[in-house]
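What follows is the content of coords-v8.csv (CSV, C-alpha atoms).
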chain,number,residue,atom,x,y,z
A,25,MET,CA,143.5,7.9,-40.7
A,26,THR,CA,145.5,9.6,-37.9
A,27,MET,CA,147.9,7.3,-36.1
A,28,LEU,CA,147.5,7.5,-32.3
A,29,TYR,CA,150.2,5.0,-31.1
A,30,HIS,CA,153.0,3.3,-32.9
A,31,LEU,CA,155.0,0.6,-31.1
A,32,ASN,CA,158.3,-0.7,-32.6
A,33,GLN,CA,160.4,-3.6,-31.2
A,34,LEU,CA,158.9,-2.9,-27.7
A,35,GLN,CA,159.8,-5.0,-24.8
A,36,PHE,CA,158.8,-4.8,-21.1
A,37,ALA,CA,159.8,-7.1,-18.2
A,38,TYR,CA,159.0,-7.5,-14.5
A,39,ALA,CA,161.8,-8.9,-12.4
A,40,LYS,CA,163.7,-10.0,-15.6
A,41,LYS,CA,160.6,-11.9,-16.9
A,42,THR,CA,159.5,-10.5,-20.2
A,43,VAL,CA,155.8,-9.9,-20.2
A,44,LEU,CA,155.5,-7.9,-23.4
A,45,GLU,CA,157.4,-8.3,-26.7
A,46,ILE,CA,155.7,-6.5,-29.6
A,47,GLU,CA,157.5,-6.1,-32.9
A,48,GLN,CA,155.1,-3.7,-34.6
A,49,LEU,CA,151.8,-2.3,-33.5
A,50,GLU,CA,149.8,0.7,-34.7
A,51,ILE,CA,146.6,2.0,-33.1
A,52,SER,CA,144.5,4.5,-34.9
A,53,ALA,CA,142.9,7.6,-33.4
A,54,ASN,CA,139.2,8.5,-33.2
A,55,ASN,CA,137.9,5.0,-32.7
A,56,VAL,CA,137.3,2.2,-30.2
A,57,THR,CA,140.1,-0.4,-30.0
A,58,ALA,CA,139.9,-3.6,-28.0
A,59,LEU,CA,142.8,-5.6,-26.5
A,60,LEU,CA,141.6,-9.2,-26.3
A,61,GLY,CA,143.5,-11.9,-24.5
A,62,ASN,CA,143.5,-14.4,-21.6
A,63,ASN,CA,144.6,-13.5,-18.1
A,64,GLY,CA,148.4,-13.0,-18.2
A,65,ALA,CA,148.4,-12.1,-21.9
A,66,GLY,CA,149.9,-8.6,-21.1
A,67,LYS,CA,146.8,-6.5,-21.6
A,68,SER,CA,147.1,-4.5,-18.3
A,69,THR,CA,150.8,-4.0,-18.8
A,70,LEU,CA,150.2,-2.7,-22.3
A,71,LEU,CA,147.6,-0.3,-21.1
A,72,LYS,CA,150.0,1.1,-18.4
A,73,LEU,CA,152.6,1.7,-21.2
A,74,LEU,CA,149.9,3.4,-23.3
A,75,ALA,CA,149.1,5.6,-20.3
A,76,PHE,CA,152.8,6.4,-19.8
A,77,LEU,CA,152.7,5.0,-16.3
A,78,GLU,CA,155.4,2.6,-17.3
A,79,SER,CA,158.2,3.0,-19.9
A,80,PRO,CA,159.4,0.4,-22.4
A,81,GLN,CA,162.8,-1.1,-21.5
A,82,GLN,CA,163.5,-1.6,-25.2
A,83,GLY,CA,162.1,-0.2,-28.4
A,84,GLN,CA,160.0,2.8,-29.2
A,85,LEU,CA,156.6,4.0,-28.1
A,86,LEU,CA,155.3,6.9,-30.3
A,87,PHE,CA,152.3,9.0,-29.4
A,88,LYS,CA,150.9,10.9,-32.4
A,89,GLY,CA,154.3,10.6,-34.1
A,90,LYS,CA,156.4,11.8,-31.2
A,91,ASN,CA,158.7,9.6,-29.1
A,92,SER,CA,157.8,9.2,-25.5
A,93,ASN,CA,160.7,9.7,-23.2
A,94,THR,CA,161.5,10.7,-19.6
A,95,SER,CA,161.3,14.5,-20.3
A,96,SER,CA,157.9,14.2,-22.0
A,97,LEU,CA,156.1,11.8,-19.6
A,98,LEU,CA,154.4,14.3,-17.4
A,99,SER,CA,152.9,16.2,-20.3
A,100,LEU,CA,151.8,13.0,-22.0
A,101,ARG,CA,150.1,11.7,-18.8
A,102,LYS,CA,147.8,14.7,-18.9
A,103,ARG,CA,146.5,13.7,-22.3
A,104,VAL,CA,145.5,10.1,-21.5
A,105,VAL,CA,143.7,8.5,-18.5
A,106,LEU,CA,143.7,4.9,-17.4
A,107,VAL,CA,140.7,3.5,-15.5
A,108,ALA,CA,142.0,0.4,-13.7
A,109,GLN,CA,140.0,-2.8,-13.3
A,110,LYS,CA,140.0,-2.4,-9.6
A,111,PRO,CA,139.9,1.4,-9.2
A,112,TYR,CA,141.4,3.0,-6.1
A,113,LEU,CA,139.1,5.5,-4.4
A,114,LEU,CA,140.1,7.8,-1.6
A,115,LYS,CA,138.1,8.3,1.6
A,116,GLY,CA,135.3,10.9,1.2
A,117,THR,CA,132.4,11.3,-1.1
A,118,VAL,CA,131.9,10.5,-4.7
A,119,LEU,CA,132.3,14.1,-5.6
A,120,ASP,CA,135.5,14.4,-3.6
A,121,ASN,CA,137.0,11.6,-5.7
A,122,VAL,CA,135.9,13.0,-9.1
A,123,LEU,CA,137.3,16.4,-8.1
A,124,LEU,CA,140.6,15.0,-7.2
A,125,GLY,CA,142.3,14.9,-10.6
A,126,LEU,CA,141.0,18.3,-11.4
A,127,LYS,CA,142.4,19.7,-8.2
A,128,PHE,CA,145.9,18.2,-9.1
A,129,ARG,CA,145.7,20.1,-12.4
A,130,SER,CA,144.9,23.3,-10.6
A,131,ILE,CA,141.5,23.8,-12.2
A,132,PRO,CA,139.6,26.6,-10.4
A,133,TYR,CA,137.1,25.1,-8.0
A,134,GLN,CA,133.9,26.3,-9.7
A,135,GLN,CA,135.0,25.0,-13.1
A,136,ALA,CA,136.2,21.8,-11.5
A,137,LYS,CA,132.9,21.2,-9.8
A,138,LYS,CA,131.1,21.9,-13.1
A,139,GLN,CA,133.2,19.3,-14.9
A,140,ALA,CA,132.9,16.8,-12.1
A,141,ASN,CA,129.1,17.1,-12.0
A,142,GLU,CA,128.9,16.8,-15.8
A,143,ALA,CA,130.9,13.6,-15.7
A,144,LEU,CA,128.7,12.2,-12.9
A,145,GLU,CA,125.7,13.0,-15.0
A,146,GLN,CA,127.2,11.4,-18.1
A,147,VAL,CA,128.0,8.2,-16.2
A,148,GLY,CA,124.5,8.2,-14.7
A,149,ILE,CA,125.4,8.6,-11.0
A,150,ALA,CA,124.8,12.3,-10.4
A,151,SER,CA,122.5,11.3,-7.5
A,152,PHE,CA,125.5,9.6,-5.8
A,153,SER,CA,127.4,12.9,-5.5
A,154,SER,CA,127.3,13.1,-1.7
A,155,ARG,CA,127.5,9.4,-1.0
A,156,HIS,CA,130.5,8.1,0.8
A,157,VAL,CA,132.7,5.8,-1.3
A,158,ALA,CA,132.7,3.1,1.4
A,159,LYS,CA,129.1,2.5,0.7
A,160,LEU,CA,129.5,1.8,-3.0
A,161,SER,CA,129.3,-1.5,-4.7
A,162,GLY,CA,132.0,-2.7,-7.0
A,163,GLY,CA,130.1,-1.6,-10.1
A,164,GLU,CA,129.3,1.8,-8.6
A,165,ALA,CA,133.0,2.3,-7.7
A,166,GLN,CA,133.9,1.6,-11.4
A,167,LYS,CA,131.4,4.2,-12.5
A,168,VAL,CA,133.0,6.8,-10.1
A,169,ALA,CA,136.5,6.0,-11.5
A,170,LEU,CA,135.1,6.4,-15.0
A,171,ALA,CA,133.5,9.8,-14.1
A,172,ARG,CA,136.8,10.9,-12.6
A,173,ALA,CA,138.5,10.1,-15.9
A,174,LEU,CA,135.9,11.7,-18.1
A,175,ALA,CA,136.0,14.9,-15.9
A,176,LEU,CA,139.6,15.4,-17.0
A,177,LYS,CA,138.6,15.5,-20.7
A,178,PRO,CA,141.4,13.3,-21.9
A,179,GLU,CA,142.4,12.7,-25.5
A,180,VAL,CA,142.6,8.9,-24.9
A,181,LEU,CA,140.4,6.9,-22.5
A,182,LEU,CA,142.1,3.6,-21.5
A,183,LEU,CA,139.8,1.1,-19.7
A,184,ASP,CA,141.1,-2.2,-18.1
A,185,GLU,CA,138.3,-4.8,-18.2
A,186,PRO,CA,135.6,-2.1,-17.9
A,187,PHE,CA,132.6,-4.5,-18.0
A,188,THR,CA,133.5,-6.4,-14.9
A,189,HIS,CA,130.9,-6.1,-12.1
A,190,LEU,CA,128.4,-4.3,-14.3
A,191,ASP,CA,124.9,-5.4,-14.9
A,192,GLN,CA,123.4,-5.5,-18.5
A,193,GLU,CA,121.9,-2.1,-18.3
A,194,SER,CA,125.2,-0.6,-17.1
A,195,ILE,CA,127.1,-2.4,-19.8
A,196,LYS,CA,124.8,-0.9,-22.4
A,197,HIS,CA,125.2,2.5,-21.0
A,198,LEU,CA,129.0,2.2,-20.8
A,199,SER,CA,129.2,1.0,-24.4
A,200,HIS,CA,127.2,4.1,-25.4
A,201,ILE,CA,129.6,6.4,-23.5
A,202,MET,CA,132.7,4.7,-25.1
A,203,THR,CA,131.2,5.1,-28.6
A,204,HIS,CA,130.2,8.7,-28.1
A,205,PHE,CA,133.6,9.5,-26.6
A,206,SER,CA,135.5,8.1,-29.6
A,207,GLN,CA,133.2,10.1,-32.0
A,208,SER,CA,134.1,13.4,-30.3
A,209,ASP,CA,136.8,15.5,-31.7
A,210,SER,CA,140.3,14.0,-31.4
A,211,GLN,CA,139.3,11.4,-28.8
A,212,SER,CA,139.9,7.7,-28.7
A,213,VAL,CA,139.1,4.7,-26.5
A,214,ILE,CA,141.2,1.6,-25.9
A,215,PHE,CA,139.8,-1.2,-23.6
A,216,SER,CA,140.8,-4.6,-22.6
A,217,ALA,CA,138.7,-7.8,-22.4
A,218,HIS,CA,139.4,-11.5,-21.8
A,219,ASP,CA,136.6,-12.6,-24.0
A,220,GLY,CA,134.9,-11.4,-27.2
A,221,LEU,CA,131.4,-10.9,-25.7
A,222,HIS,CA,131.4,-7.1,-25.9
A,223,VAL,CA,134.1,-6.7,-28.5
A,224,THR,CA,132.5,-7.6,-31.8
A,225,THR,CA,129.7,-5.0,-31.6
A,226,LEU,CA,131.8,-2.2,-30.0
A,227,ALA,CA,135.4,-2.2,-31.2
A,228,GLU,CA,136.3,-1.0,-34.6
A,229,LYS,CA,139.7,-2.8,-34.3
A,230,THR,CA,140.7,-5.8,-32.1
A,231,ILE,CA,144.3,-6.5,-31.1
A,232,PHE,CA,144.8,-10.1,-30.0
A,233,LEU,CA,147.4,-10.7,-27.3
A,234,ARG,CA,148.9,-14.0,-26.2
A,235,SER,CA,151.8,-14.4,-23.8
A,236,GLY,CA,152.8,-10.8,-24.4
A,237,HIS,CA,152.8,-11.1,-28.2
A,238,CYS,CA,150.4,-9.7,-30.8
A,239,VAL,CA,148.9,-12.7,-32.7
A,240,ASP,CA,146.5,-13.1,-35.6
A,241,ALA,CA,142.9,-13.8,-34.7
A,242,GLY,CA,143.2,-17.2,-36.2
A,243,LEU,CA,146.0,-18.1,-33.8
A,244,PHE,CA,144.3,-16.7,-30.7
structure tokens encoding of this file:
Amino acid sequence: MTMLYHLNQLQFAYAKKTVLEIEQLEISANNVTALLGNNGAGKSTLLKLLAFLESPQQGQLLFKGKNSNTSSLLSLRKRVVLVAQKPYLLKGTVLDNVLLGLKFRSIPYQQAKKQANEALEQVGIASFSSRHVAKLSGGEAQKVALARALALKPEVLLLDEPFTHLDQESIKHLSHIMTHFSQSDSQSVIFSAHDGLHVTTLAEKTIFLRSGHCVDAGLF
């Protein structure tokens, strides 16, 4: 099985307070991996590291066998996308927001619009295309952020507490999207959760975090 991430003796701290301390962790490609832990366990920080939005202060973070470093961060960030638990949407329409990342990557407008509309259709909110984001509910805003991520066609989709604010029908639809994405060529999903409600039937591997450490399931 292809190795996606390898973490070795990794540490990360905020204001000199260590929030992650992981001796060894391997995450395989082409599947759905869950990060399970209570609030404050370090899940969101780990996702930011995996998205290359933060860099470890000690240790190694390898992506597909290659070491992540300052010189490679920009290219790595184009291969992975993180959807935050509370996504930030800019003023404008739903379509404006989904087009944003494609615009930053200098995708020609017609191609960008095609990818954006396909992503909106995939998430199930194509009819929201011209709606102003100020009129969206929390769940609808999460769907827009997911469409924005999918439109970029990343290798790795990182989702922070993705089932928050979603109703049962939306949860079922999102689970299908995540499974389908991971079954596509060279694509993987990693998501965080604070309980195991959606983990057992969706994730092929579960990583348990407690106080910034990876622990055995029996110790969680």
I want to know what sits within 6 Å of segment 114-129 of chain A, based on all atoms listed in the file, with residues of the same chain fewer than 2 positions away left out; could you give that as a list in words?
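Residues near the query, excluding close chain neighbours: Ile131, Ala136, Ala140, Ser153, Ser154, Arg155, His156, Val157 and Arg172 of chain A.
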May I have the residues within 8 Å of Glu185 of chain A as a ChimeraX atom specification, using all atoms listed in the file and disregarding those fewer than 2 positions away in the same chain?
/A:108-109,183,187-188,215-218
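Across the model, the gap from atom CA of Ile231 of chain A to atom CA of His200 of chain A is 20.9 Å.
Using all atoms listed in the file, the residues found no farther than 12 Å from Leu28 of chain A, other than those of its own chain fewer than 5 positions away, are Leu49, Glu50, Ile51, Ser52, Ala53, Asn54, Asn55, Val56, Thr57, Leu74, Leu85, Leu86, Phe87, Lys88, Gly89, Lys90, Asn91, Arg103, Val104, Glu179, Val180, Ser210, Gln211, Ser212, Val213 and Ile214 of chain A.
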Just the number, please: distance in Å from atom CA of His30 of chain A to atom CA of Asp209 of chain A, one decimal.
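Rounded to one decimal, the two atoms are 20.3 Å apart.
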One decimal, in Å: what's the spacing between atom CA of Ser96 of chain A and atom CA of Pro111 of chain A?
25.5 Å
Using all atoms listed in the file, which residue out of A:Ser235, A:Gln82, A:Ser194, A:Asn62 lies closest to Glu164 of chain A?
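Counting all atoms listed in the file, the residue closest to Glu164 of chain A is A:Ser194.
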Which of these residues is nearest to Ala58 of chain A, using only C-alpha atoms: A:Val223, A:Leu97, A:Leu233, A:Gln35?
A:Val223
Can you list, as a ChimeraX atom specification, every protein, DNA or RNA residue that comes within 12 Å of Leu73 of chain A when you count only C-alpha atoms, leaving out same-chain residues fewer than 3 positions away?
/A:29-31,34-37,44,66-70,76-81,84-87,92-93,97,100-101,104-106,182
Would you mind exporting the chosen residues as a short mmCIF file (atom, residue, chain, number, x, y, z; two decimals), in the coordinates of the input, restricted to C-alpha atoms?
data_model
loop_
_atom_site.label_atom_id
_atom_site.label_comp_id
_atom_site.auth_asym_id
_atom_site.auth_seq_id
_atom_site.Cartn_x
_atom_site.Cartn_y
_atom_site.Cartn_z
CA TYR A 29 150.20 5.00 -31.10
CA HIS A 30 153.00 3.30 -32.90
CA LEU A 31 155.00 0.60 -31.10
CA LEU A 34 158.90 -2.90 -27.70
CA GLN A 35 159.80 -5.00 -24.80
CA PHE A 36 158.80 -4.80 -21.10
CA ALA A 37 159.80 -7.10 -18.20
CA LEU A 44 155.50 -7.90 -23.40
CA GLY A 66 149.90 -8.60 -21.10
CA LYS A 67 146.80 -6.50 -21.60
CA SER A 68 147.10 -4.50 -18.30
CA THR A 69 150.80 -4.00 -18.80
CA LEU A 70 150.20 -2.70 -22.30
CA PHE A 76 152.80 6.40 -19.80
CA LEU A 77 152.70 5.00 -16.30
CA GLU A 78 155.40 2.60 -17.30
CA SER A 79 158.20 3.00 -19.90
CA PRO A 80 159.40 0.40 -22.40
CA GLN A 81 162.80 -1.10 -21.50
CA GLN A 84 160.00 2.80 -29.20
CA LEU A 85 156.60 4.00 -28.10
CA LEU A 86 155.30 6.90 -30.30
CA PHE A 87 152.30 9.00 -29.40
CA SER A 92 157.80 9.20 -25.50
CA ASN A 93 160.70 9.70 -23.20
CA LEU A 97 156.10 11.80 -19.60
CA LEU A 100 151.80 13.00 -22.00
CA ARG A 101 150.10 11.70 -18.80
CA VAL A 104 145.50 10.10 -21.50
CA VAL A 105 143.70 8.50 -18.50
CA LEU A 106 143.70 4.90 -17.40
CA LEU A 182 142.10 3.60 -21.50
#
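Comparing A:Ser206, A:Asn32, A:Lys41, A:Glu47 by their smallest distance to Pro178 of chain A, the closest is A:Ser206 (using all atoms listed in the file).
Of the listed residues (A:Gln146, A:Gly220, A:Thr225, A:Gln33), A:Gly220 comes nearest to Leu59 of chain A; the distances count all atoms listed in the file.
Among the candidates A:Leu181, A:Thr94, A:Val239, A:Tyr112, the one nearest to Ala158 of chain A when counting all atoms listed in the file is A:Tyr112.
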Between A:Lys167, A:His204, A:Lys40, A:Arg234, single out the one closest to Gly64 of chain A, counting only C-alpha atoms.
A:Arg234
